[in-house]
Amino acid sequence: MDKKTIAFILNGAKTEIAVESNLLLVDMLRDRLGLTGTKIGCGEGDCGACTVLVDGKTVNSCLILARQVEGHEVLTVEGLGTYDKLHPLQAAFIDEGAVQCGFCTPGMLLSAKSLLDENSQPTRQQIAQHISGNLCRCTGYAKIINAIEKVAKSHER
Ligand code: FES
Ligand code: FES
């Protein structure tokens, strides 16, 4: 299949890569670029494990083509924080016990970031609503909501 080179910003860095017309964004991130923090759960838009931000908005990366991010900005969990300097949301998820198996966590973090970027003081109900597309089979959600609320209250993001 013919490849086309696309250019976009990935986690703050200009990135160019040749991709086939049918390559999914999630597969480009994981298999071609080695960014395996983005997970594949259902592969059909139901679980949110593959959530990334495109121009600051949440996107299920299993549902869009790699070529669709040409000229756009993509943020994955690898661009959120580092081992030495965690993003406040990452630190809060750890502190509040909001991570168990961790499979949903990258997508949850990016959904939470997009919420707090839009609404710095969400209610618990607004938090729950915003992460409703991100399924977690482990935590029961309360601790995830606690973690997001903690960051909102601390004004650090
Ligand atoms: S893997 Fe994309 S929504 Fe489930
Ligand atoms: S921590 Fe296991 S699915 Fe959320």
# chains A, B, ... in the order shown; residues from 1 in each chain; ligands from 1

$ residues_near_ligand --ligand "ligand 2" --cutoff "8 Å" --atoms "only C-alpha atoms and all ligand atoms" --output "compact mmCIF listing (two decimals) with N, CA and C atoms, in the first residue's frame"
# COMPACT_ATOMS: atom_id res chain seq x y z
N ALA A 98 -5.72 5.83 42.86
CA ALA A 98 -6.62 5.77 41.71
C ALA A 98 -6.13 4.85 40.60
N VAL A 99 -5.06 4.13 40.87
CA VAL A 99 -4.49 3.22 39.88
C VAL A 99 -4.46 1.82 40.47
N GLN A 100 -5.06 0.86 39.76
CA GLN A 100 -4.89 -0.54 40.19
C GLN A 100 -4.12 -1.28 39.10
N CYS A 101 -4.83 -1.86 38.12
CA CYS A 101 -4.06 -2.54 37.06
C CYS A 101 -3.36 -1.52 36.16
N GLY A 102 -3.92 -0.33 36.08
CA GLY A 102 -3.29 0.75 35.29
C GLY A 102 -3.66 0.79 33.82
N PHE A 103 -4.46 -0.16 33.38
CA PHE A 103 -4.75 -0.22 31.94
C PHE A 103 -5.55 0.99 31.46
N CYS A 104 -6.44 1.47 32.29
CA CYS A 104 -7.26 2.63 31.89
C CYS A 104 -6.56 3.95 32.16
N THR A 105 -5.46 3.91 32.94
CA THR A 105 -4.90 5.14 33.50
C THR A 105 -4.41 6.16 32.46
N LEU A 135 -13.59 3.63 30.60
CA LEU A 135 -14.03 2.57 31.50
C LEU A 135 -12.88 2.08 32.38
N CYS A 136 -13.21 1.83 33.65
CA CYS A 136 -12.24 1.26 34.58
C CYS A 136 -12.90 0.07 35.25
N ARG A 137 -12.27 -1.08 35.13
CA ARG A 137 -12.91 -2.28 35.70
C ARG A 137 -12.44 -2.51 37.13
N CYS A 138 -11.48 -1.69 37.61
CA CYS A 138 -10.86 -1.98 38.91
C CYS A 138 -11.29 -1.07 40.05
N THR A 139 -11.30 0.23 39.83
CA THR A 139 -11.30 1.16 40.97
C THR A 139 -12.66 1.55 41.49

$ select_by_dssp --residues "range 4-144 of chain A" --states "strand (DSSP E)" --output "list in words"
Lys4, Thr5, Ile6, Ala7, Phe8, Ile9, Leu10, Ala13, Lys14, Thr15, Glu16, Ile17, Ala18, Val19, Glu20, Thr51, Val52, Leu53, Val54, Lys57, Thr58, Val59, Asn60, Glu73, Val74 and Leu75 of chain A

$ residues_around --residues "Leu63 in chain A" --least-positions-apart "4" --cutoff "12 Å" --atoms "only C-alpha atoms" --output "list of chain:residue names"
A:Asn22, A:Leu23, A:Leu24, A:Leu25, A:Val26, A:Asp27, A:Ile40, A:Cys42, A:Gly43, A:Glu44, A:Gly45, A:Asp46, A:Cys47, A:Gly48, A:Ala49, A:Cys50, A:Thr51, A:Val52, A:Thr58, A:Val59, A:Gln68

$ closest_residue --among "A:Asn146, A:Ile64, A:Gly140, A:Pro88" --to "Pro122 in chain A" --atoms "only C-alpha atoms"
A:Asn146

$ residues_around --residues "Glu118 in chain A" --least-positions-apart "3" --cutoff "12 Å" --atoms "only C-alpha atoms" --output "MDAnalysis selection string"
chainID A and resid 56:58 111:115 121:122 126:127 130 152 157

$ select_by_dssp --residues "range 9-157 of chain A" --states "alpha helix (DSSP H)" --output "ChimeraX atom specification"
/A:25-27,88-95,105-118,124-130,142-154

$ write_last_selection --atoms "N, CA and C atoms" --output "short mmCIF file (atom, residue, chain, number, x, y, z; two decimals), in the first residue's frame"
data_model
loop_
_atom_site.label_atom_id
_atom_site.label_comp_id
_atom_site.auth_asym_id
_atom_site.auth_seq_id
_atom_site.Cartn_x
_atom_site.Cartn_y
_atom_site.Cartn_z
N LEU A 25 -4.52 5.67 14.11
CA LEU A 25 -3.64 6.50 14.95
C LEU A 25 -3.03 5.68 16.08
N VAL A 26 -3.85 4.85 16.74
CA VAL A 26 -3.31 4.08 17.87
C VAL A 26 -2.19 3.14 17.43
N ASP A 27 -2.32 2.57 16.25
CA ASP A 27 -1.29 1.64 15.77
C ASP A 27 -0.02 2.40 15.38
N PRO A 88 0.98 16.80 37.75
CA PRO A 88 0.19 16.79 38.98
C PRO A 88 -0.93 15.75 38.97
N LEU A 89 -1.53 15.51 37.82
CA LEU A 89 -2.58 14.48 37.77
C LEU A 89 -1.99 13.09 38.03
N GLN A 90 -0.81 12.83 37.47
CA GLN A 90 -0.18 11.52 37.70
C GLN A 90 0.14 11.35 39.19
N ALA A 91 0.67 12.41 39.80
CA ALA A 91 1.01 12.34 41.23
C ALA A 91 -0.27 12.13 42.05
N ALA A 92 -1.33 12.83 41.68
CA ALA A 92 -2.58 12.70 42.45
C ALA A 92 -3.19 11.31 42.30
N PHE A 93 -3.12 10.74 41.10
CA PHE A 93 -3.64 9.38 40.90
C PHE A 93 -2.89 8.40 41.82
N ILE A 94 -1.60 8.57 41.94
CA ILE A 94 -0.82 7.69 42.82
C ILE A 94 -1.21 7.94 44.28
N ASP A 95 -1.21 9.22 44.67
CA ASP A 95 -1.49 9.56 46.07
C ASP A 95 -2.88 9.10 46.51
N THR A 105 -5.46 3.91 32.94
CA THR A 105 -4.90 5.14 33.50
C THR A 105 -4.41 6.16 32.46
N PRO A 106 -3.68 5.75 31.42
CA PRO A 106 -3.25 6.77 30.45
C PRO A 106 -4.43 7.52 29.84
N GLY A 107 -5.46 6.81 29.46
CA GLY A 107 -6.64 7.45 28.88
C GLY A 107 -7.36 8.33 29.89
N MET A 108 -7.46 7.83 31.13
CA MET A 108 -8.10 8.62 32.19
C MET A 108 -7.35 9.93 32.41
N LEU A 109 -6.03 9.84 32.46
CA LEU A 109 -5.22 11.04 32.71
C LEU A 109 -5.45 12.08 31.62
N LEU A 110 -5.50 11.63 30.38
CA LEU A 110 -5.66 12.59 29.28
C LEU A 110 -7.08 13.15 29.26
N SER A 111 -8.07 12.34 29.59
CA SER A 111 -9.44 12.87 29.70
C SER A 111 -9.49 13.90 30.82
N ALA A 112 -8.85 13.59 31.95
CA ALA A 112 -8.85 14.52 33.08
C ALA A 112 -8.16 15.82 32.70
N LYS A 113 -7.06 15.72 31.98
CA LYS A 113 -6.35 16.94 31.57
C LYS A 113 -7.24 17.80 30.68
N SER A 114 -7.92 17.17 29.75
CA SER A 114 -8.76 17.97 28.84
C SER A 114 -9.89 18.65 29.62
N LEU A 115 -10.41 17.98 30.64
CA LEU A 115 -11.46 18.60 31.45
C LEU A 115 -10.91 19.81 32.20
N LEU A 116 -9.78 19.62 32.89
CA LEU A 116 -9.26 20.71 33.72
C LEU A 116 -8.75 21.88 32.87
N ASP A 117 -8.33 21.59 31.65
CA ASP A 117 -7.93 22.68 30.75
C ASP A 117 -9.13 23.53 30.35
N GLU A 118 -10.30 22.90 30.28
CA GLU A 118 -11.53 23.61 29.88
C GLU A 118 -12.25 24.21 31.07
N ARG A 124 -17.86 17.27 41.18
CA ARG A 124 -17.65 15.82 41.08
C ARG A 124 -18.52 15.23 39.97
N GLN A 125 -19.72 15.79 39.84
CA GLN A 125 -20.61 15.29 38.79
C GLN A 125 -20.04 15.59 37.40
N GLN A 126 -19.49 16.78 37.25
CA GLN A 126 -18.89 17.11 35.94
C GLN A 126 -17.68 16.23 35.66
N ILE A 127 -16.91 15.94 36.70
CA ILE A 127 -15.75 15.04 36.51
C ILE A 127 -16.26 13.67 36.06
N ALA A 128 -17.25 13.16 36.76
CA ALA A 128 -17.78 11.82 36.44
C ALA A 128 -18.31 11.79 35.00
N GLN A 129 -19.01 12.87 34.65
CA GLN A 129 -19.56 12.95 33.29
C GLN A 129 -18.43 12.95 32.25
N HIS A 130 -17.40 13.74 32.53
CA HIS A 130 -16.33 13.89 31.55
C HIS A 130 -15.56 12.59 31.33
N ALA A 142 -14.43 6.15 42.23
CA ALA A 142 -14.44 7.19 43.28
C ALA A 142 -13.04 7.76 43.50
N LYS A 143 -12.04 6.88 43.52
CA LYS A 143 -10.68 7.36 43.78
C LYS A 143 -10.13 8.16 42.59
N ILE A 144 -10.57 7.80 41.41
CA ILE A 144 -10.15 8.57 40.22
C ILE A 144 -10.76 9.98 40.31
N ILE A 145 -12.01 10.04 40.67
CA ILE A 145 -12.67 11.36 40.81
C ILE A 145 -11.99 12.15 41.94
N ASN A 146 -11.67 11.48 43.04
CA ASN A 146 -10.95 12.17 44.14
C ASN A 146 -9.65 12.78 43.64
N ALA A 147 -8.92 12.02 42.83
CA ALA A 147 -7.61 12.49 42.35
C ALA A 147 -7.77 13.72 41.46
N ILE A 148 -8.76 13.67 40.58
CA ILE A 148 -8.96 14.81 39.66
C ILE A 148 -9.42 16.03 40.45
N GLU A 149 -10.29 15.79 41.42
CA GLU A 149 -10.79 16.90 42.25
C GLU A 149 -9.65 17.52 43.05
N LYS A 150 -8.75 16.68 43.53
CA LYS A 150 -7.61 17.18 44.31
C LYS A 150 -6.77 18.14 43.48
N VAL A 151 -6.51 17.77 42.23
CA VAL A 151 -5.71 18.65 41.37
C VAL A 151 -6.47 19.93 41.07
N ALA A 152 -7.77 19.82 40.84
CA ALA A 152 -8.57 21.03 40.57
C ALA A 152 -8.49 21.98 41.75
N LYS A 153 -8.58 21.42 42.94
CA LYS A 153 -8.55 22.27 44.14
C LYS A 153 -7.17 22.85 44.40
N SER A 154 -6.14 22.16 43.96
CA SER A 154 -4.78 22.64 44.25
C SER A 154 -4.32 23.69 43.25
#

$ closest_residue --among "A:Lys85, A:Lys39, A:Arg67, A:His155" --to "ligand 1" --atoms "only C-alpha atoms and all ligand atoms"
A:Lys39

$ atom_distance --atom1 "CA of Thr123 in chain A" --atom2 "CA of Asn11 in chain A"
28.6 Å

$ closest_residue --among "A:Ala66, A:Thr15, A:Asn60, A:Asn134" --to "Lys3 in chain A" --atoms "only C-alpha atoms"
A:Ala66
